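Heads up: the structure comes next, in structure tokens.
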Amino acid sequence: MTAPTDRTAPTGRTDVTDHHGPEGLPVRATVVVVPGRGETRSTYARLGARLAADAYRVRVVDAPDLDPGDPAGSLDRLGVRLAEAAATTADDGAVRPVVWVGADTGAVALAALLAREASEPEAAPDAVVLAGLPGHTATAAGGWDEELDVRTSCPVHRTRLTDDPQVRRGSLGDPVPDALLDAAHGAGSGLPTLLLTGDADPLADHEALLRAAKARPRARLSVVRGAHHDVLNDTQHRAVAAEIVTFLEALRNDLVPVVAVEASAW
């Protein structure tokens, strides 16, 4: 796997982390990852490298700043940042399909942004992955050990979070604006959508997620057994990445699954 590289913006600020696929292989899709509360771009190094190894161009941006006093403005700013992030992944623009992947409040912000009618067609993605969508009462109190228990049981991920000085501890106690949660759990857009949640996620409202999936015309809800809130980075991260790749490949095939099981003993 190739090592991630940071792109330096014209202002001199390093604002994204890129993961490139194997040299010589054509890019199959552009994936833009949006972290959640307290997370950094480094939090998604493992996911980015794994998807890039399958020839997807992966760009991780910073977690959105969701201002409770200005949720609409927060979405506006995120929309501009996502459009720029996708458009500049290559000299001639992003390779389609363009897929947004959000975790926690990153997923909330993406879902709320897509629910608005004002999305610019040229900036809109072709599909979205919403992972670890929190419910309306989804806050986690307690110390760092308790927060880690809510997030993940993966020892590697726990160490990465603990050793990253930029990870903001206690962030899962931050409330999420109700207006954005309402939009995220509403009918949403008609885009192909993969909803990912852990069945051991104490911050998830599983009934609301099921309603959200049924309300979307092209949505799939995948529940990961034993996974906690950081479903993209928990112990089952390999299977979760495979589920995302399956979704990406089906997207390239008009949402028709590439592999069909005709008989199985398990």
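Within each chain, counting starts at residue 1; across the structure tokens, chains are named A, B, ... in the order shown, with ligands numbered 1 upward in that order.
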
Return as a ChimeraX atom specification the full set of residues in region 170-261 of chain A whose backbone-based DSSP assignment is helix (DSSP H, G or I).
-> /A:171-173,178-184,206-215,237-251

For those residues, write N, CA, C and O atoms to a file as a short mmCIF file (atom, residue, chain, number, x, y, z; two decimals), in the first residue's frame.
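Written out: out09.cif:
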```
data_model
loop_
_atom_site.label_atom_id
_atom_site.label_comp_id
_atom_site.auth_asym_id
_atom_site.auth_seq_id
_atom_site.Cartn_x
_atom_site.Cartn_y
_atom_site.Cartn_z
N SER A 171 -15.28 14.58 23.18
CA SER A 171 -16.08 15.18 22.10
C SER A 171 -17.42 14.48 21.89
O SER A 171 -18.38 15.10 21.41
N LEU A 172 -17.50 13.19 22.24
CA LEU A 172 -18.78 12.50 22.05
C LEU A 172 -19.86 13.02 23.00
O LEU A 172 -21.02 12.65 22.87
N GLY A 173 -19.47 13.88 23.93
CA GLY A 173 -20.44 14.54 24.78
C GLY A 173 -21.01 15.80 24.17
O GLY A 173 -21.94 16.40 24.71
N ASP A 178 -30.29 19.67 16.65
CA ASP A 178 -31.50 18.88 16.35
C ASP A 178 -31.93 19.03 14.90
O ASP A 178 -32.41 18.06 14.28
N ALA A 179 -31.77 20.24 14.36
CA ALA A 179 -32.20 20.46 12.97
C ALA A 179 -31.44 19.56 12.01
O ALA A 179 -32.01 19.04 11.04
N LEU A 180 -30.16 19.36 12.28
CA LEU A 180 -29.36 18.52 11.41
C LEU A 180 -29.70 17.04 11.60
O LEU A 180 -29.75 16.28 10.64
N LEU A 181 -29.95 16.65 12.86
CA LEU A 181 -30.34 15.26 13.11
C LEU A 181 -31.68 14.95 12.46
O LEU A 181 -31.88 13.86 11.91
N ASP A 182 -32.62 15.89 12.54
CA ASP A 182 -33.92 15.69 11.90
C ASP A 182 -33.75 15.47 10.40
O ASP A 182 -34.37 14.57 9.81
N ALA A 183 -32.91 16.29 9.78
CA ALA A 183 -32.69 16.17 8.34
C ALA A 183 -31.98 14.87 8.00
O ALA A 183 -32.30 14.20 7.01
N ALA A 184 -31.02 14.48 8.84
CA ALA A 184 -30.25 13.28 8.57
C ALA A 184 -31.10 12.02 8.66
O ALA A 184 -30.88 11.05 7.92
N HIS A 206 -31.48 2.62 16.43
CA HIS A 206 -31.61 1.62 15.37
C HIS A 206 -32.99 1.66 14.70
O HIS A 206 -33.09 1.43 13.48
N GLU A 207 -34.02 1.97 15.44
CA GLU A 207 -35.34 2.08 14.82
C GLU A 207 -35.40 3.27 13.86
O GLU A 207 -35.98 3.18 12.77
N ALA A 208 -34.78 4.39 14.26
CA ALA A 208 -34.74 5.56 13.39
C ALA A 208 -33.92 5.28 12.14
O ALA A 208 -34.27 5.74 11.04
N LEU A 209 -32.83 4.52 12.27
CA LEU A 209 -32.02 4.18 11.11
C LEU A 209 -32.80 3.30 10.14
O LEU A 209 -32.71 3.47 8.92
N LEU A 210 -33.57 2.38 10.68
CA LEU A 210 -34.38 1.51 9.82
C LEU A 210 -35.43 2.33 9.07
O LEU A 210 -35.65 2.13 7.87
N ARG A 211 -36.06 3.28 9.78
CA ARG A 211 -37.03 4.15 9.11
C ARG A 211 -36.36 4.99 8.04
O ARG A 211 -36.91 5.19 6.94
N ALA A 212 -35.15 5.50 8.35
CA ALA A 212 -34.43 6.32 7.39
C ALA A 212 -34.08 5.52 6.14
O ALA A 212 -34.18 6.01 5.00
N ALA A 213 -33.68 4.27 6.32
CA ALA A 213 -33.34 3.43 5.18
C ALA A 213 -34.57 3.16 4.32
O ALA A 213 -34.50 3.21 3.08
N LYS A 214 -35.68 2.88 4.96
CA LYS A 214 -36.91 2.58 4.21
C LYS A 214 -37.47 3.81 3.51
O LYS A 214 -38.16 3.70 2.50
N ALA A 215 -37.15 5.01 4.06
CA ALA A 215 -37.66 6.25 3.46
C ALA A 215 -36.85 6.68 2.25
O ALA A 215 -37.30 7.53 1.47
N HIS A 237 -13.28 -3.94 10.99
CA HIS A 237 -13.01 -2.95 9.95
C HIS A 237 -12.73 -3.57 8.59
O HIS A 237 -13.04 -2.96 7.55
N ARG A 238 -12.18 -4.77 8.53
CA ARG A 238 -11.93 -5.40 7.24
C ARG A 238 -13.24 -5.73 6.52
O ARG A 238 -13.40 -5.48 5.33
N ALA A 239 -14.18 -6.32 7.27
CA ALA A 239 -15.48 -6.66 6.69
C ALA A 239 -16.25 -5.40 6.30
O ALA A 239 -16.95 -5.38 5.28
N VAL A 240 -16.11 -4.34 7.10
CA VAL A 240 -16.79 -3.08 6.79
C VAL A 240 -16.21 -2.46 5.52
O VAL A 240 -16.95 -1.98 4.65
N ALA A 241 -14.89 -2.47 5.39
CA ALA A 241 -14.27 -1.95 4.18
C ALA A 241 -14.72 -2.77 2.97
O ALA A 241 -14.97 -2.22 1.88
N ALA A 242 -14.84 -4.09 3.15
CA ALA A 242 -15.31 -4.95 2.05
C ALA A 242 -16.75 -4.60 1.68
O ALA A 242 -17.11 -4.63 0.50
N GLU A 243 -17.56 -4.27 2.68
CA GLU A 243 -18.95 -3.87 2.40
C GLU A 243 -18.98 -2.57 1.59
O GLU A 243 -19.80 -2.41 0.67
N ILE A 244 -18.08 -1.65 1.90
CA ILE A 244 -18.01 -0.39 1.15
C ILE A 244 -17.55 -0.66 -0.28
O ILE A 244 -18.10 -0.10 -1.24
N VAL A 245 -16.55 -1.52 -0.44
CA VAL A 245 -16.09 -1.85 -1.79
C VAL A 245 -17.20 -2.53 -2.58
O VAL A 245 -17.40 -2.24 -3.78
N THR A 246 -17.94 -3.41 -1.94
CA THR A 246 -19.08 -4.05 -2.61
C THR A 246 -20.08 -3.01 -3.09
O THR A 246 -20.62 -3.10 -4.21
N PHE A 247 -20.33 -2.01 -2.24
CA PHE A 247 -21.24 -0.92 -2.61
C PHE A 247 -20.68 -0.12 -3.78
O PHE A 247 -21.40 0.20 -4.74
N LEU A 248 -19.38 0.21 -3.73
CA LEU A 248 -18.76 0.99 -4.80
C LEU A 248 -18.81 0.24 -6.13
O LEU A 248 -19.06 0.83 -7.19
N GLU A 249 -18.57 -1.06 -6.09
CA GLU A 249 -18.59 -1.84 -7.32
C GLU A 249 -20.02 -1.99 -7.86
O GLU A 249 -20.24 -1.94 -9.07
N ALA A 250 -20.98 -2.13 -6.97
CA ALA A 250 -22.37 -2.19 -7.41
C ALA A 250 -22.79 -0.85 -8.01
O ALA A 250 -23.58 -0.80 -8.97
N LEU A 251 -22.28 0.23 -7.45
CA LEU A 251 -22.59 1.56 -7.96
C LEU A 251 -22.13 1.71 -9.41
O LEU A 251 -22.81 2.31 -10.24
#
```

Please provide the set of residues having any atom within 9 Å of Asp164 (chain A), restricted to only C-alpha atoms, with same-chain residues fewer than 5 positions apart removed, written as a list in words.
-> Thr40, Ser42, Thr43 and Thr159 of chain A

Tell me which protein, DNA and RNA residues are within 10 Å of region 87-102 of chain A, counting only C-alpha atoms, leaving out same-chain ones fewer than 4 positions away, and put them as a PyMOL selection string.
-> chain A and resi 7+18+26-36+56-60+63+81-83+106-111+122-133+192-195+232+244+248+251-252

Nearest candidate to His229 (chain A) (options A:Ala52, A:Val156, A:Leu75, A:Ala204; using only C-alpha atoms) =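 Among A:Ala52, A:Val156, A:Leu75, A:Ala204, it is A:Ala204 that comes nearest to His229 (chain A).
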
Residue nearest Gly38 (chain A) - candidates A:Gly198, A:Pro71, A:Pro217, A:Pro165, atoms counted: only C-alpha atoms =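 Smallest separation from Gly38 (chain A) among the options: A:Pro165.
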
Residue with smallest distance to Val167 (chain A) - pool A:Val150, A:Trp144, A:Asp67, A:Ser264, counting only C-alpha atoms =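 Ranking A:Val150, A:Trp144, A:Asp67, A:Ser264 by distance to Val167 (chain A), first place goes to A:Trp144.
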
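Closest approach to Ala112 (chain A) among A:Ala86, A:Ala187, A:His136, A:Asp149: A:Ala187, based on only C-alpha atoms.
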
Counting only C-alpha atoms, which residues of region 3-89 of chain A sit at most 10 Å from some atom of region 113-116 of chain A, and what is each one's closest atom pair with its distance in Å to one decimal, listed by chain and rising residue number, as a tab-separated table?
```
residue	atom	partner	partner_atom	distance
A:Ala72	CA	A:Leu113	CA	8.9
A:Ser74	CA	A:Leu113	CA	9.5
A:Leu75	CA	A:Leu113	CA	5.9
A:Asp76	CA	A:Leu113	CA	8.0
A:Leu78	CA	A:Leu113	CA	8.4
A:Gly79	CA	A:Leu113	CA	7.2
```

For the residues in the current selection, export all heavy atoms as a tab-separated table (two decimals), in the first residue's frame.
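Ended up saving to part.tsv:
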```
chain	number	residue	atom	x	y	z
A	72	ALA	N	-27.36	26.03	9.25
A	72	ALA	CA	-27.41	26.21	7.80
A	72	ALA	C	-26.06	26.70	7.28
A	72	ALA	O	-25.57	26.24	6.24
A	72	ALA	CB	-28.52	27.20	7.43
A	74	SER	N	-23.22	26.18	8.67
A	74	SER	CA	-22.27	25.08	8.80
A	74	SER	C	-22.33	24.17	7.58
A	74	SER	O	-21.30	23.73	7.06
A	74	SER	CB	-22.58	24.26	10.06
A	74	SER	OG	-22.46	25.05	11.23
A	75	LEU	N	-23.55	23.91	7.10
A	75	LEU	CA	-23.71	23.07	5.92
A	75	LEU	C	-23.19	23.77	4.68
A	75	LEU	O	-22.58	23.13	3.81
A	75	LEU	CB	-25.17	22.68	5.74
A	75	LEU	CG	-25.79	21.79	6.81
A	75	LEU	CD1	-27.23	21.43	6.44
A	75	LEU	CD2	-24.97	20.52	7.02
A	76	ASP	N	-23.43	25.07	4.57
A	76	ASP	CA	-22.93	25.83	3.42
A	76	ASP	C	-21.41	25.72	3.32
A	76	ASP	O	-20.86	25.46	2.25
A	76	ASP	CB	-23.33	27.30	3.53
A	76	ASP	CG	-24.82	27.52	3.31
A	76	ASP	OD1	-25.46	26.65	2.69
A	76	ASP	OD2	-25.32	28.56	3.78
A	78	LEU	N	-19.45	23.46	4.65
A	78	LEU	CA	-19.04	22.09	4.35
A	78	LEU	C	-19.24	21.79	2.87
A	78	LEU	O	-18.38	21.15	2.24
A	78	LEU	CB	-19.83	21.10	5.20
A	78	LEU	CG	-19.55	19.62	4.91
A	78	LEU	CD1	-18.09	19.27	5.20
A	78	LEU	CD2	-20.49	18.73	5.73
A	79	GLY	N	-20.35	22.24	2.30
A	79	GLY	CA	-20.62	21.99	0.89
A	79	GLY	C	-19.54	22.56	-0.02
A	79	GLY	O	-19.09	21.91	-0.97
```

Distance in Å - CA of Thr105 (chain A) versus CA of Gly21 (chain A) =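 So the two atoms, CA of Thr105 (chain A) and CA of Gly21 (chain A), lie 27.4 Å apart.
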
To one decimal in Å, tell me the separation between CA of Pro134 (chain A) and CA of Arg220 (chain A).
->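 Distance between the two atoms: 17.1 Å.
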
Select, from A:Thr235, A:Glu39, A:Asp199, A:Ala53, the residue with the minimum atom-to-atom distance to Gly170 (chain A), counting only C-alpha atoms.
->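 Among A:Thr235, A:Glu39, A:Asp199, A:Ala53, it is A:Glu39 that comes nearest to Gly170 (chain A).
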
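CA of Asp104 (chain A) sits 7.8 Å away from CA of Asp230 (chain A).
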